[in-house]
>>> print(open('coords22.cif').read())   # mmCIF, C-alpha atoms
data_run
#
loop_
_atom_site.label_atom_id
_atom_site.label_comp_id
_atom_site.auth_asym_id
_atom_site.auth_seq_id
_atom_site.Cartn_x
_atom_site.Cartn_y
_atom_site.Cartn_z
CA MET A 2 69.83 26.46 -47.21
CA VAL A 3 67.39 29.09 -48.33
CA GLN A 4 68.14 32.61 -47.13
CA ARG A 5 65.63 33.95 -44.65
CA GLU A 6 65.78 37.49 -46.04
CA LYS A 7 64.90 36.16 -49.48
CA VAL A 8 61.90 34.28 -48.10
CA LEU A 9 60.75 37.38 -46.21
CA SER A 10 61.05 39.53 -49.29
CA ARG A 11 59.16 37.08 -51.51
CA THR A 12 56.48 36.57 -48.88
CA LYS A 13 55.73 40.28 -48.90
CA GLU A 14 55.67 40.32 -52.68
CA ILE A 15 53.30 37.37 -52.84
CA ILE A 16 51.01 38.96 -50.26
CA ARG A 17 51.03 42.17 -52.30
CA GLU A 18 50.16 40.25 -55.49
CA ASN A 19 47.46 38.08 -54.02
CA MET A 20 45.89 40.21 -51.32
CA PRO A 21 46.42 43.79 -52.49
CA ASP A 22 43.63 45.17 -50.34
CA MET A 23 44.61 43.55 -47.10
CA PHE A 24 47.15 46.07 -45.92
CA GLY A 25 47.60 49.79 -46.19
CA SER A 26 51.10 49.07 -47.39
CA VAL A 27 52.88 45.74 -47.43
CA ASP A 28 56.08 47.65 -46.80
CA GLU A 29 54.71 48.62 -43.41
CA MET A 30 54.28 45.00 -42.40
CA THR A 31 56.53 43.77 -39.64
CA GLU A 32 57.34 40.24 -38.69
CA ASP A 33 54.79 40.59 -35.89
CA THR A 34 51.97 41.49 -38.28
CA MET A 35 49.14 39.03 -37.72
CA LEU A 36 48.21 36.94 -40.74
CA ASN A 37 46.05 34.01 -39.90
CA ASN A 38 43.85 34.28 -36.89
CA LYS A 39 40.60 36.00 -36.04
CA ASN A 40 42.35 39.33 -35.62
CA GLY A 41 44.58 38.81 -38.60
CA ASN A 42 44.56 40.48 -41.96
CA ILE A 43 44.41 37.53 -44.32
CA ASP A 44 41.47 35.18 -44.44
CA SER A 45 41.82 31.49 -45.12
CA MET A 46 41.54 31.65 -48.94
CA GLY A 47 44.19 34.32 -49.12
CA PHE A 48 46.34 32.45 -46.67
CA ILE A 49 46.33 29.20 -48.62
CA LEU A 50 47.21 31.03 -51.83
CA ILE A 51 50.17 32.66 -50.14
CA ILE A 52 51.51 29.64 -48.29
CA THR A 53 51.13 27.24 -51.22
CA LYS A 54 52.87 29.64 -53.59
CA LEU A 55 55.71 30.00 -51.10
CA GLU A 56 55.90 26.23 -50.67
CA ALA A 57 56.13 25.76 -54.43
CA GLU A 58 58.73 28.48 -54.88
CA PHE A 59 61.00 27.32 -52.06
CA ASN A 60 60.41 23.58 -52.43
CA ALA A 61 58.90 23.34 -48.97
CA GLN A 62 55.95 21.54 -47.44
CA VAL A 63 54.89 22.84 -44.07
CA PRO A 64 53.19 19.97 -42.19
CA ASP A 65 49.42 20.27 -41.96
CA HIS A 66 49.43 20.41 -38.16
CA LYS A 67 51.73 23.44 -38.22
CA TRP A 68 49.44 25.61 -40.32
CA ASN A 69 47.30 26.77 -37.42
CA ASN A 70 50.42 27.99 -35.63
CA LEU A 71 51.36 30.37 -38.44
CA THR A 72 49.82 33.51 -37.04
CA THR A 73 52.36 36.17 -37.93
CA LEU A 74 54.44 37.05 -40.96
CA GLY A 75 57.53 35.94 -39.02
CA ASP A 76 55.95 32.55 -38.23
CA LEU A 77 55.24 31.95 -41.91
CA VAL A 78 58.74 32.92 -43.00
CA ASN A 79 60.30 30.72 -40.31
CA ALA A 80 58.21 27.74 -41.38
CA ILE A 81 59.15 28.08 -45.04
CA VAL A 82 62.84 28.34 -44.12
CA GLU A 83 62.59 25.34 -41.79
CA TYR A 84 60.84 23.04 -44.27
CA SER A 85 62.51 24.16 -47.48
CA LYS A 86 64.48 21.41 -49.19
CA ASP A 87 66.56 23.88 -51.18
CA MET B 30 45.90 9.02 -66.57
CA SER B 31 44.48 10.55 -69.76
CA ILE B 32 42.69 13.70 -70.64
CA TYR B 33 38.95 14.00 -70.06
CA ARG B 34 37.09 15.02 -73.21
CA THR B 35 33.51 15.99 -73.88
CA THR B 36 31.88 17.43 -76.96
CA TYR B 37 29.22 20.12 -77.32
CA HIS B 38 27.17 21.19 -80.30
CA LEU B 39 26.41 24.81 -79.47
CA LYS B 40 22.69 25.54 -79.32
CA ASN B 41 20.80 28.80 -79.24
CA ASN B 42 20.86 29.01 -75.45
CA ASP B 43 24.66 28.54 -75.37
CA VAL B 44 25.35 31.75 -77.27
CA ASN B 45 24.77 35.46 -76.84
CA LEU B 46 23.05 37.89 -79.19
CA TYR B 47 26.22 38.03 -81.27
CA ARG B 48 26.02 34.23 -81.69
CA ARG B 49 29.21 33.73 -79.73
CA LEU B 50 29.49 31.36 -76.78
CA ARG B 51 28.37 33.09 -73.60
CA THR B 52 31.21 33.66 -71.16
CA SER B 53 29.13 32.19 -68.34
CA ARG B 54 28.35 29.13 -70.47
CA LEU B 55 32.05 28.76 -71.19
CA PHE B 56 32.81 28.71 -67.47
CA GLU B 57 29.94 26.25 -66.90
CA MET B 58 31.37 23.90 -69.50
CA LEU B 59 34.84 24.06 -67.96
CA GLN B 60 33.42 23.53 -64.50
CA THR B 61 31.31 20.58 -65.63
CA ALA B 62 34.27 18.94 -67.34
CA CYS B 63 36.39 19.34 -64.20
CA VAL B 64 33.66 17.88 -62.00
CA MET B 65 33.04 14.92 -64.33
CA HIS B 66 36.74 14.13 -64.53
CA THR B 67 37.16 14.43 -60.78
CA GLU B 68 34.35 11.89 -60.41
CA GLN B 69 36.17 9.54 -62.77
CA LEU B 70 39.36 9.95 -60.74
CA GLY B 71 37.60 8.91 -57.55
CA ALA B 72 37.61 12.31 -55.84
CA GLY B 73 34.00 13.20 -56.52
CA ARG B 74 30.75 13.19 -54.64
CA THR B 75 31.22 10.13 -52.43
CA LYS B 76 34.48 11.48 -51.02
CA THR B 77 33.50 15.13 -50.87
CA LEU B 78 29.89 16.28 -50.99
CA ASP B 79 28.60 13.23 -49.12
CA HIS B 80 31.10 13.99 -46.34
CA GLY B 81 30.34 17.68 -46.11
CA ILE B 82 33.32 18.71 -48.24
CA LEU B 83 32.95 21.02 -51.21
CA TRP B 84 35.13 21.64 -54.25
CA VAL B 85 35.45 25.38 -54.92
CA VAL B 86 37.33 27.47 -57.46
CA ILE B 87 39.68 30.17 -56.17
CA GLN B 88 41.22 31.50 -59.38
CA GLN B 89 40.60 30.84 -63.04
CA THR B 90 42.02 32.20 -66.27
CA VAL B 91 41.33 31.68 -69.96
CA THR B 92 43.00 33.04 -73.06
CA ILE B 93 40.75 33.16 -76.08
CA GLU B 94 41.98 32.81 -79.63
CA ARG B 95 38.42 32.76 -80.93
CA MET B 96 35.16 32.34 -79.08
CA PRO B 97 33.15 29.38 -80.45
CA GLU B 98 29.96 30.28 -82.31
CA TYR B 99 26.41 29.08 -82.72
CA ASP B 100 26.04 25.64 -84.36
CA GLU B 101 29.75 24.90 -83.92
CA VAL B 102 30.91 21.57 -82.50
CA ILE B 103 33.59 21.96 -79.87
CA THR B 104 35.57 19.64 -77.65
CA VAL B 105 36.36 20.52 -74.06
CA GLU B 106 39.48 18.87 -72.64
CA THR B 107 40.70 18.94 -69.05
CA TRP B 108 43.37 17.33 -66.90
CA PRO B 109 44.62 17.85 -63.35
CA GLY B 110 47.98 19.35 -62.51
CA ASN B 111 50.18 18.36 -59.60
CA THR B 112 48.54 19.11 -56.28
CA MET B 113 50.05 22.06 -54.42
CA HIS B 114 49.34 20.96 -50.82
CA VAL B 115 45.76 22.28 -50.58
CA LEU B 116 45.46 23.69 -54.10
CA PHE B 117 44.42 21.54 -57.04
CA PRO B 118 45.44 22.94 -60.42
CA ARG B 119 43.22 22.17 -63.40
CA TYR B 120 44.10 22.75 -67.02
CA PHE B 121 41.68 22.88 -69.91
CA ARG B 122 41.35 23.81 -73.52
CA ILE B 123 38.61 24.00 -76.09
CA LEU B 124 39.19 22.76 -79.62
CA ASP B 125 37.25 23.25 -82.84
CA GLU B 126 36.31 20.38 -85.15
CA LYS B 127 39.70 20.53 -86.86
CA GLY B 128 41.53 20.29 -83.56
CA HIS B 129 42.61 23.92 -83.41
CA VAL B 130 42.87 25.33 -79.90
CA LEU B 131 40.30 28.08 -79.48
CA ILE B 132 40.60 28.59 -75.73
CA ASN B 133 43.33 27.65 -73.29
CA GLY B 134 43.11 28.02 -69.54
CA SER B 135 43.68 26.88 -66.00
CA ALA B 136 42.13 27.08 -62.58
CA LEU B 137 43.00 26.54 -58.95
CA TRP B 138 40.50 24.53 -56.93
CA THR B 139 40.47 23.76 -53.23
CA LEU B 140 38.29 21.90 -50.75
CA ILE B 141 36.28 23.57 -48.01
CA ASP B 142 34.18 22.28 -45.14
CA ALA B 143 30.51 22.87 -45.92
CA LYS B 144 29.77 23.98 -42.35
CA THR B 145 32.78 26.04 -41.34
CA ARG B 146 33.51 27.26 -44.91
CA SER B 147 37.23 26.91 -44.14
CA PHE B 148 39.66 24.97 -46.28
CA VAL B 149 40.48 21.37 -45.41
CA PHE B 150 43.50 19.17 -46.02
CA ALA B 151 42.59 16.67 -48.72
CA ASN B 152 44.81 13.89 -47.40
CA GLN B 153 42.81 13.85 -44.17
CA TYR B 154 39.80 12.79 -46.23
CA GLY B 155 41.64 10.30 -48.41
CA ILE B 156 41.34 12.56 -51.43
CA ASP B 157 44.10 12.31 -53.98
CA VAL B 158 44.09 13.69 -57.51
CA PRO B 159 47.17 12.55 -59.43
CA GLY B 160 48.50 15.31 -61.63
CA GLU B 161 49.97 15.21 -65.08
CA SER B 162 51.49 17.60 -67.57
CA HIS B 163 50.70 18.12 -71.26
CA PRO B 164 52.38 20.23 -73.93
CA GLY B 165 50.94 23.66 -74.44
CA GLU B 166 49.14 23.81 -71.13
CA SER B 167 48.31 27.26 -69.84
CA ALA B 168 50.20 28.96 -67.03
CA LEU B 169 48.40 28.79 -63.71
CA PRO B 170 46.19 31.76 -62.87
CA LYS B 171 47.77 34.80 -61.30
CA ALA B 172 46.09 37.12 -58.89
CA VAL B 173 43.86 39.72 -60.51
CA LYS B 174 45.61 43.02 -60.14
CA THR B 175 43.57 45.63 -58.34
CA GLU B 176 42.79 48.61 -60.53
CA THR B 177 40.90 51.81 -59.95
CA THR B 178 37.16 51.89 -60.55
CA GLU B 179 34.94 54.73 -61.71
CA GLU B 180 31.46 53.27 -61.48
CA HIS B 181 29.64 51.24 -58.89
CA ARG B 182 26.27 49.87 -57.96
CA SER B 183 24.76 47.55 -55.41
CA PHE B 184 24.10 43.90 -56.21
CA THR B 185 22.11 41.31 -54.27
CA VAL B 186 22.60 37.63 -55.11
CA PRO B 187 19.37 36.17 -56.53
CA PHE B 188 18.25 32.58 -55.97
CA SER B 189 18.98 31.56 -59.56
CA TYR B 190 22.66 32.48 -59.22
CA CYS B 191 23.33 29.96 -56.44
CA ASP B 192 24.51 26.38 -56.81
CA LEU B 193 24.59 23.27 -54.64
CA ASN B 194 27.44 24.74 -52.62
CA GLY B 195 25.01 27.35 -51.31
CA HIS B 196 26.75 30.31 -52.90
CA MET B 197 26.92 32.25 -56.13
CA ASN B 198 28.28 29.92 -58.80
CA ASN B 199 31.58 30.91 -60.39
CA ALA B 200 30.02 31.06 -63.85
CA ARG B 201 27.29 33.48 -62.76
CA TYR B 202 29.91 36.13 -62.03
CA LEU B 203 30.40 36.40 -65.78
CA ASP B 204 26.69 37.04 -66.30
CA LEU B 205 26.82 39.65 -63.58
CA VAL B 206 29.81 41.35 -65.15
CA GLU B 207 28.36 41.36 -68.65
CA ASP B 208 25.04 42.67 -67.33
CA THR B 209 26.99 45.50 -65.72
CA LEU B 210 29.55 46.69 -68.27
CA PRO B 211 28.59 49.32 -70.86
CA TYR B 212 26.38 48.27 -73.77
CA GLU B 213 29.04 49.15 -76.36
CA VAL B 214 31.57 46.84 -74.71
CA VAL B 215 29.63 43.72 -73.85
CA GLY B 216 29.72 41.06 -76.53
CA ARG B 217 32.84 42.39 -78.21
CA PRO B 218 35.43 39.67 -78.77
CA LEU B 219 37.41 38.86 -75.64
CA THR B 220 41.05 37.83 -75.55
CA SER B 221 41.28 36.83 -71.89
CA ILE B 222 39.32 36.51 -68.67
CA THR B 223 40.79 36.07 -65.21
CA THR B 224 38.70 35.60 -62.10
CA GLN B 225 39.62 35.55 -58.44
CA TYR B 226 37.09 34.46 -55.84
CA ASP B 227 38.28 35.58 -52.42
CA HIS B 228 35.05 35.32 -50.45
CA GLU B 229 31.95 33.44 -51.41
CA ILE B 230 28.72 35.41 -51.77
CA ARG B 231 25.64 33.60 -50.56
CA TYR B 232 21.98 33.85 -51.50
CA GLY B 233 20.52 37.23 -50.56
CA GLU B 234 23.84 38.86 -49.72
CA THR B 235 24.50 42.33 -51.06
CA VAL B 236 27.84 43.55 -52.32
CA ASP B 237 29.10 46.78 -53.79
CA LEU B 238 29.98 46.16 -57.41
CA ALA B 239 32.60 48.49 -58.90
CA TRP B 240 34.22 48.62 -62.30
CA GLY B 241 36.66 50.60 -64.39
CA LYS B 242 38.29 50.66 -67.81
CA HIS B 243 42.04 50.44 -68.27
CA GLY B 244 42.99 50.44 -71.93
CA SER B 245 41.32 47.41 -73.49
CA THR B 246 40.74 45.77 -70.10
CA TYR B 247 37.80 46.09 -67.75
CA PHE B 248 38.37 45.48 -64.06
CA VAL B 249 35.38 44.52 -61.93
CA ARG B 250 35.29 43.89 -58.20
CA GLY B 251 32.70 43.06 -55.59
CA ASP B 252 33.04 44.03 -51.96
CA GLY B 253 31.08 43.22 -48.84
CA GLU B 254 32.80 43.54 -45.50
CA LYS B 255 35.81 42.16 -47.38
CA ASN B 256 36.73 41.90 -51.02
CA CYS B 257 34.68 39.05 -52.48
CA PHE B 258 35.95 38.84 -56.03
CA ARG B 259 38.01 40.52 -58.72
CA ILE B 260 37.62 39.91 -62.43
CA SER B 261 39.65 41.16 -65.36
CA LEU B 262 38.30 41.00 -68.92
CA GLN B 263 40.51 41.94 -71.81
CA TYR B 264 38.77 42.84 -75.06
CA GLN B 265 40.23 42.88 -78.54
CA GLU B 266 41.63 46.24 -79.56
CA ASP B 267 39.62 48.16 -82.12
#
>>> encode(input="coords22.cif", output="structure tokens")
Amino acid sequence: MVQREKVLSRTKEIIRENMPDMFGSVDEMTEDTMLNNKNGNIDSMGFILIITKLEAEFNAQVPDHKWNNLTTLGDLVNAIVEYSKD
Amino acid sequence: MSIYRTTYHLKNNDVNLYRRLRTSRLFEMLQTACVMHTEQLGAGRTKTLDHGILWVVIQQTVTIERMPEYDEVITVETWPGNTMHVLFPRYFRILDEKGHVLINGSALWTLIDAKTRSFVFANQYGIDVPGESHPGESALPKAVKTETTEEHRSFTVPFSYCDLNGHMNNARYLDLVEDTLPYEVVGRPLTSITTQYDHEIRYGETVDLAWGKHGSTYFVRGDGEKNCFRISLQYQED
């Protein structure tokens, strides 16, 4: 099973690579940092880049109906861990 | 599934004042080939545009061995990669008459709802683009790294820059960039171009355009309330 800490670390790296202007510092992000809602920091284009790259890297496919529930960094990491086939 | 191929004989309006293929024309050709092939594969207008769904490019990259020139006959090839949930990779290359690869590249496309401008899940619209792999295909685009900028100006999207999706066409960004960079740089041979479109810019919208030089690479960005795009152009060393 994929290690949660590894997913968390890679998620932050992928956010840094793809959305470098979205946060003052990715290192300051917590698992409660909002990602994907009206008050969040990442818009839909950035969000799909990040989640699809994570899915590809960890051999996961988060079901479509779950995407709207991924509002925080922690939610995203949990979903990748849950649906990873590694 | 096969590779889609189309041939162009470069005319005067395809090239710049140095008789090399315009960067915007290059992107138009790649875009046209992708659209035509997508039509052939059954994921074109009747399944998308006619249902209020739009194909849009998010990231694109090309590496240039040599830019085609005036009066040259070139072949544009494209094929789809394996779908990544809501991202549709596209690979392409441009060959000269002898079959030498002049330009190699890739792009990431997605589908958005024409009204909400949010992405949609293709399977909910019965859209499927079977992917394939071919030797020598380019790596998929990577995010354009943010660099510092030294210059900036304001830019308002004119009518002629917009396409049927109601926003500035991805090829027009190259015209904008080349109309912005210093005279002594523009038109010099390029070795790579990478574009990232984070937020569409619609007719009449104004963005702050900023650019900077980093070695042989120029970084250009456009910002409204959010970052709209980032483009990196690498020129041949002197």
>>> residues_around(input="coords22.cif", residues="range 50-59 of chain A", least_positions_apart="2", cutoff="8 Å", atoms="all atoms listed in the file", output="ChimeraX atom specification")
/A:3,11-12,15-16,19,46-48,61-63,77,81,85-87 /B:113-116
>>> write_last_selection(input="coords22.cif", atoms="C-alpha atoms", output="short mmCIF file (atom, residue, chain, number, x, y, z; two decimals), in the coordinates of the input")
data_model
loop_
_atom_site.label_atom_id
_atom_site.label_comp_id
_atom_site.auth_asym_id
_atom_site.auth_seq_id
_atom_site.Cartn_x
_atom_site.Cartn_y
_atom_site.Cartn_z
CA VAL A 3 67.39 29.09 -48.33
CA ARG A 11 59.16 37.08 -51.51
CA THR A 12 56.48 36.57 -48.88
CA ILE A 15 53.30 37.37 -52.84
CA ILE A 16 51.01 38.96 -50.26
CA ASN A 19 47.46 38.08 -54.02
CA MET A 46 41.54 31.65 -48.94
CA GLY A 47 44.19 34.32 -49.12
CA PHE A 48 46.34 32.45 -46.67
CA ALA A 61 58.90 23.34 -48.97
CA GLN A 62 55.95 21.54 -47.44
CA VAL A 63 54.89 22.84 -44.07
CA LEU A 77 55.24 31.95 -41.91
CA ILE A 81 59.15 28.08 -45.04
CA SER A 85 62.51 24.16 -47.48
CA LYS A 86 64.48 21.41 -49.19
CA ASP A 87 66.56 23.88 -51.18
CA MET B 113 50.05 22.06 -54.42
CA HIS B 114 49.34 20.96 -50.82
CA VAL B 115 45.76 22.28 -50.58
CA LEU B 116 45.46 23.69 -54.10
#
>>> residues_around(input="coords22.cif", residues="Glu234 in chain B", least_positions_apart="6", cutoff="9 Å", atoms="only C-alpha atoms", output="number ranges by chain")
B: 184-187, 253
>>> closest_atom_pairs(input="coords22.cif", of="chain B", to="chain A", cutoff="7 Å", atoms="all atoms listed in the file", output="CSV")
residue,atom,partner,partner_atom,distance
B:Met113,CA,A:Thr53,CA,6.2
B:His114,CA,A:Thr53,CA,6.5
B:Ser147,CA,A:Ser45,CA,6.6
B:Phe148,CA,A:Ser45,CA,7.0
B:Ala172,CA,A:Asn19,CA,5.1
B:Thr175,CA,A:Pro21,CA,6.8
B:Asp227,CA,A:Met46,CA,6.2
>>> residues_around(input="coords22.cif", residues="Leu9 in chain A", least_positions_apart="3", cutoff="10 Å", atoms="only C-alpha atoms", output="list in words")
Gln4, Arg5, Glu6, Thr12, Lys13, Glu14, Ile15, Glu32, Leu74, Gly75, Leu77, Val78, Asn79, Ile81 and Val82 of chain A
>>> write_last_selection(input="coords22.cif", atoms="C-alpha atoms", output="JSON list (two decimals), in the frame of the given file")
[["chain", "number", "residue", "atom", "x", "y", "z"],
["A", 4, "GLN", "CA", 68.14, 32.61, -47.13],
["A", 5, "ARG", "CA", 65.63, 33.95, -44.65],
["A", 6, "GLU", "CA", 65.78, 37.49, -46.04],
["A", 12, "THR", "CA", 56.48, 36.57, -48.88],
["A", 13, "LYS", "CA", 55.73, 40.28, -48.90],
["A", 14, "GLU", "CA", 55.67, 40.32, -52.68],
["A", 15, "ILE", "CA", 53.30, 37.37, -52.84],
["A", 32, "GLU", "CA", 57.34, 40.24, -38.69],
["A", 74, "LEU", "CA", 54.44, 37.05, -40.96],
["A", 75, "GLY", "CA", 57.53, 35.94, -39.02],
["A", 77, "LEU", "CA", 55.24, 31.95, -41.91],
["A", 78, "VAL", "CA", 58.74, 32.92, -43.00],
["A", 79, "ASN", "CA", 60.30, 30.72, -40.31],
["A", 81, "ILE", "CA", 59.15, 28.08, -45.04],
["A", 82, "VAL", "CA", 62.84, 28.34, -44.12]]
>>> residues_around(input="coords22.cif", residues="Glu179 in chain B", least_positions_apart="5", cutoff="8 Å", atoms="only C-alpha atoms", output="MDAnalysis selection string")
chainID B and resid 239:241
>>> build_atoms(input="coords22.cif", residues="range 65-76 of chain B", atoms="N, CA and C atoms", output="PDB file, keeping the file's coordinate frame")
ATOM      1  N   MET B  65      33.204  16.267 -63.774  1.00  0.00           N
ATOM      2  CA  MET B  65      33.040  14.920 -64.330  1.00  0.00           C
ATOM      3  C   MET B  65      34.356  14.139 -64.253  1.00  0.00           C
ATOM      4  N   HIS B  66      35.455  14.818 -64.572  1.00  0.00           N
ATOM      5  CA  HIS B  66      36.740  14.130 -64.530  1.00  0.00           C
ATOM      6  C   HIS B  66      37.136  13.779 -63.097  1.00  0.00           C
ATOM      7  N   THR B  67      36.848  14.691 -62.181  1.00  0.00           N
ATOM      8  CA  THR B  67      37.160  14.430 -60.780  1.00  0.00           C
ATOM      9  C   THR B  67      36.374  13.218 -60.276  1.00  0.00           C
ATOM     10  N   GLU B  68      35.140  13.087 -60.739  1.00  0.00           N
ATOM     11  CA  GLU B  68      34.350  11.890 -60.410  1.00  0.00           C
ATOM     12  C   GLU B  68      35.057  10.635 -60.918  1.00  0.00           C
ATOM     13  N   GLN B  69      35.483  10.693 -62.164  1.00  0.00           N
ATOM     14  CA  GLN B  69      36.170   9.540 -62.770  1.00  0.00           C
ATOM     15  C   GLN B  69      37.433   9.173 -61.998  1.00  0.00           C
ATOM     16  N   LEU B  70      38.097  10.177 -61.451  1.00  0.00           N
ATOM     17  CA  LEU B  70      39.360   9.950 -60.740  1.00  0.00           C
ATOM     18  C   LEU B  70      39.148   9.529 -59.289  1.00  0.00           C
ATOM     19  N   GLY B  71      37.889   9.406 -58.890  1.00  0.00           N
ATOM     20  CA  GLY B  71      37.600   8.910 -57.550  1.00  0.00           C
ATOM     21  C   GLY B  71      37.644   9.960 -56.463  1.00  0.00           C
ATOM     22  N   ALA B  72      37.571  11.239 -56.839  1.00  0.00           N
ATOM     23  CA  ALA B  72      37.610  12.310 -55.840  1.00  0.00           C
ATOM     24  C   ALA B  72      36.333  13.146 -55.920  1.00  0.00           C
ATOM     25  N   GLY B  73      35.261  12.495 -56.315  1.00  0.00           N
ATOM     26  CA  GLY B  73      34.000  13.200 -56.520  1.00  0.00           C
ATOM     27  C   GLY B  73      33.067  13.115 -55.331  1.00  0.00           C
ATOM     28  N   ARG B  74      31.794  13.043 -55.641  1.00  0.00           N
ATOM     29  CA  ARG B  74      30.750  13.190 -54.640  1.00  0.00           C
ATOM     30  C   ARG B  74      30.910  12.306 -53.404  1.00  0.00           C
ATOM     31  N   THR B  75      31.198  11.022 -53.588  1.00  0.00           N
ATOM     32  CA  THR B  75      31.220  10.130 -52.430  1.00  0.00           C
ATOM     33  C   THR B  75      32.339  10.472 -51.447  1.00  0.00           C
ATOM     34  N   LYS B  76      33.385  11.109 -51.932  1.00  0.00           N
ATOM     35  CA  LYS B  76      34.480  11.480 -51.020  1.00  0.00           C
ATOM     36  C   LYS B  76      34.391  12.927 -50.553  1.00  0.00           C
TER      37      LYS B  76
END
